[in-house]
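Notes to accompany the following structure.
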Amino acid sequence: MKIAILGGTGEQGPGLALRWALAGEEVIIGSRQQEKGERVATELNQELGKDLLRGTDNVTAAAAADVVFITVPYSAHVKTIESVKDQLKGKIFVDVSVPLDPDNARRVVMPEAGSATEEAKQILGDEVQVVCALQNISAHLLRDVNAQIDCDVLVCGDKDARPRVIELVEKLGIRTVDVGPLAAASLIEPITALLIRLNIRNKVHSAGIRITGLSES
Ligand SMILES: NC(=O)c1ccc[n+]([C@@H]2O[C@H](COP(=O)([O-])OP(=O)(O)OC[C@H]3O[C@@H](n4cnc5c(N)ncnc54)[C@H](OP(=O)(O)O)[C@@H]3O)[C@@H](O)[C@H]2O)c1
């Protein structure tokens with residue numbers, strides 16, 4: 001499956017792109033500006049020592065991919081999704097966005113839809129399978145591709161797409177927990193604000209969560 005990361009030029013996108021590229025996945029980094037997407041892909045390829053990543057504009061990236069992740073600030077969430085709506089038909093869309101309070105990232109301001117991911121579903125409709133994932137893992141941890149990741153990623157969303165996204169997240173070297181249908185996104189997204197609060201209090205960058213007690217093995 002070809003992966004696109006819309007807004008993959010910022011904090012969260014590059015770590016995801018590098019880890020998937022190292023796991024053998026084809027990744028396209030999207031940007032509002034084609035040149036910026038290309039430049040960030042070139043920089044990351046230099047780090048990899050191989051030309052594994054490609055960069056372009058968000059619309060071209062979405063059109064070329066089978067699974068499209070979005071990593072943009074919540075303020076750009078709706079307009080970015082609307083800009084690629086036609087390109088997403090028949091595909092899987094994975095929302096990584098968190099509706100943080102712009103005045104205080106230790107809090108969230110949840111949209112009327114319930115969560116950013118449910119808002120995405122309202123915009124995209126039944127022609128796109130929508131999944132919520134990767135909100136509760138820090139960019140800092142993802143970016144250090146040699147770091148072992150010992151926190152969990154909670155995943156919820158449309159039934160047929162969920163196992164495919166879980167498989168991709170596990171290729172990053174991360175354990176996943178399947179939380180069920182999309183409605184759980186309103187519980188998953190706010191955890192990020194809690195983790196930001198803990199990062200600030202403890203002067204660290206990579207607070208995460210680990211779910212226990214789900215299996216006897
Ligand atoms: N950083 C983390 O540790 C982390 C962890 C979990 C979840 N998240 C969530 O992931 C999302 C991305 O976080 P981030 O830290 O990667 O964000 P970021 O670095 O601030 O921005 C990511 C990219 O979004 C695009 N963008 C920025 N402002 C925009 C605007 N006004 N309109 C359209 N596009 C814009 C930019 O790409 P172009 O200029 O190339 O278009 C930018 O490089 C957020 O919703 C955040 O809450 C972040």
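Residue names in the structure tokens use chain letters A, B, ... in the order shown, residue numbers from 1 in each chain, and ligand numbers from 1 in the order shown.
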
> How would you write, as a ChimeraX atom specification, the set of residues no farther than 7 Å from ligand 1 when counting only C-alpha atoms and all ligand atoms?
Replying inline: /A:7-13,30-33,36-37,71-76,80,96-100,134-140,192

Write the residues of the selection above to a file with N, CA and C atoms, as a CSV table (one decimal), in the first residue's frame.
```
chain,number,residue,atom,x,y,z
A,7,GLY,N,1.0,17.2,5.1
A,7,GLY,CA,1.6,18.0,6.1
A,7,GLY,C,2.8,17.2,6.7
A,8,GLY,N,3.3,16.3,5.9
A,8,GLY,CA,4.4,15.4,6.5
A,8,GLY,C,5.7,16.2,6.6
A,9,THR,N,5.7,17.5,6.4
A,9,THR,CA,6.9,18.3,6.5
A,9,THR,C,7.2,18.8,7.9
A,10,GLY,N,6.3,18.6,8.8
A,10,GLY,CA,6.5,19.2,10.1
A,10,GLY,C,7.1,18.4,11.2
A,11,GLU,N,6.5,18.3,12.4
A,11,GLU,CA,7.1,17.6,13.5
A,11,GLU,C,6.8,16.1,13.4
A,12,GLN,N,5.5,15.8,13.3
A,12,GLN,CA,5.1,14.4,13.4
A,12,GLN,C,5.4,13.6,12.1
A,13,GLY,N,5.3,14.2,11.0
A,13,GLY,CA,5.4,13.5,9.7
A,13,GLY,C,6.7,12.8,9.5
A,30,GLY,N,3.6,15.0,1.7
A,30,GLY,CA,2.8,16.0,1.1
A,30,GLY,C,3.0,17.4,1.9
A,31,SER,N,2.8,18.4,1.1
A,31,SER,CA,2.9,19.8,1.6
A,31,SER,C,2.0,20.7,0.9
A,32,ARG,N,1.7,21.9,1.4
A,32,ARG,CA,1.0,22.8,0.6
A,32,ARG,C,1.8,23.3,-0.6
A,33,GLN,N,3.1,23.2,-0.5
A,33,GLN,CA,4.0,23.6,-1.6
A,33,GLN,C,4.8,22.4,-2.1
A,36,LYS,N,8.5,22.4,-1.1
A,36,LYS,CA,8.8,22.1,0.3
A,36,LYS,C,8.7,20.6,0.5
A,37,GLY,N,7.7,20.0,-0.1
A,37,GLY,CA,7.5,18.5,0.1
A,37,GLY,C,8.8,17.8,-0.5
A,71,THR,N,-1.2,15.0,9.1
A,71,THR,CA,-0.5,15.5,10.3
A,71,THR,C,-0.3,17.0,10.1
A,72,VAL,N,-1.4,17.7,10.3
A,72,VAL,CA,-1.4,19.2,10.2
A,72,VAL,C,-2.0,19.7,11.6
A,73,PRO,N,-1.6,20.9,11.9
A,73,PRO,CA,-2.3,21.5,13.1
A,73,PRO,C,-3.8,21.5,13.0
A,74,TYR,N,-4.5,21.4,14.1
A,74,TYR,CA,-6.0,21.3,14.0
A,74,TYR,C,-6.5,22.5,13.3
A,75,SER,N,-5.9,23.7,13.4
A,75,SER,CA,-6.5,24.9,12.7
A,75,SER,C,-6.5,24.7,11.2
A,76,ALA,N,-5.7,23.7,10.6
A,76,ALA,CA,-5.7,23.5,9.2
A,76,ALA,C,-6.4,22.2,8.8
A,80,THR,N,-7.6,21.3,4.9
A,80,THR,CA,-6.7,20.4,4.3
A,80,THR,C,-7.5,19.2,3.7
A,96,VAL,N,-4.4,11.9,12.3
A,96,VAL,CA,-3.5,12.0,13.5
A,96,VAL,C,-3.7,13.3,14.2
A,97,SER,N,-4.6,14.1,13.8
A,97,SER,CA,-4.7,15.5,14.3
A,97,SER,C,-5.3,15.4,15.7
A,98,VAL,N,-5.0,16.4,16.5
A,98,VAL,CA,-5.6,16.6,17.8
A,98,VAL,C,-6.1,18.0,17.9
A,99,PRO,N,-7.4,18.2,18.3
A,99,PRO,CA,-7.9,19.5,18.4
A,99,PRO,C,-7.5,20.2,19.7
A,100,LEU,N,-6.1,20.5,19.8
A,100,LEU,CA,-5.6,21.2,21.0
A,100,LEU,C,-6.1,22.6,21.1
A,134,LEU,N,-2.3,7.2,16.1
A,134,LEU,CA,-1.0,7.9,16.3
A,134,LEU,C,-1.0,9.3,17.0
A,135,GLN,N,-2.2,9.6,17.6
A,135,GLN,CA,-2.2,10.9,18.4
A,135,GLN,C,-1.4,10.8,19.6
A,136,ASN,N,-1.2,9.7,20.2
A,136,ASN,CA,-0.7,9.6,21.6
A,136,ASN,C,0.8,9.2,21.6
A,137,ILE,N,1.5,9.5,20.5
A,137,ILE,CA,2.9,9.1,20.4
A,137,ILE,C,3.7,10.4,20.0
A,138,SER,N,4.8,10.7,20.7
A,138,SER,CA,5.4,12.0,20.4
A,138,SER,C,6.3,11.9,19.1
A,139,ALA,N,6.3,13.1,18.5
A,139,ALA,CA,7.2,13.2,17.3
A,139,ALA,C,8.6,13.0,17.7
A,140,HIS,N,9.0,13.4,18.9
A,140,HIS,CA,10.4,13.2,19.3
A,140,HIS,C,10.8,11.8,19.3
A,192,THR,N,-3.7,13.2,24.2
A,192,THR,CA,-2.5,13.9,23.8
A,192,THR,C,-2.3,15.2,24.7
```

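Counting only C-alpha atoms, Arg54 in chain A has the following residues at most 8 Å away, ignoring those fewer than 6 positions along the same chain: Val27, Ile28, Ile29, Gly37, Glu38, Ala41 and Thr42 of chain A.
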
Output file for the selection above: N, CA and C atoms, as a compact mmCIF listing (two decimals), in the first residue's frame:
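File produced: result-v4.txt:
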```txt
# COMPACT_ATOMS: atom_id res chain seq x y z
N VAL A 27 6.47 5.76 0.69
CA VAL A 27 5.87 6.91 1.38
C VAL A 27 6.05 8.19 0.55
N ILE A 28 4.98 8.96 0.47
CA ILE A 28 5.03 10.26 -0.22
C ILE A 28 4.71 11.34 0.81
N ILE A 29 5.61 12.31 0.91
CA ILE A 29 5.41 13.41 1.85
C ILE A 29 4.67 14.54 1.15
N GLY A 37 7.66 19.99 -0.06
CA GLY A 37 7.54 18.53 0.05
C GLY A 37 8.78 17.85 -0.51
N GLU A 38 9.22 18.32 -1.69
CA GLU A 38 10.41 17.73 -2.34
C GLU A 38 11.65 17.96 -1.47
N ALA A 41 11.66 15.72 1.62
CA ALA A 41 11.94 14.33 1.23
C ALA A 41 13.43 14.16 0.92
N THR A 42 14.02 15.13 0.24
CA THR A 42 15.46 15.06 -0.08
C THR A 42 16.29 15.03 1.20
```

>> With DSSP run on the backbone, what are the strand (DSSP E) residues within range 18-132 of chain A? I'd like them as a VMD selection string.
In response: chain A and resid 27 to 31 53 to 57 67 to 70 92 to 95 100 to 101 104 to 108 129 to 132

> In Å, how far is it from CA of Val131 in chain A to CA of Asp160 in chain A?
Replying inline: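 Atom-to-atom, CA of Val131 in chain A to CA of Asp160 in chain A, that is 9.9 Å.
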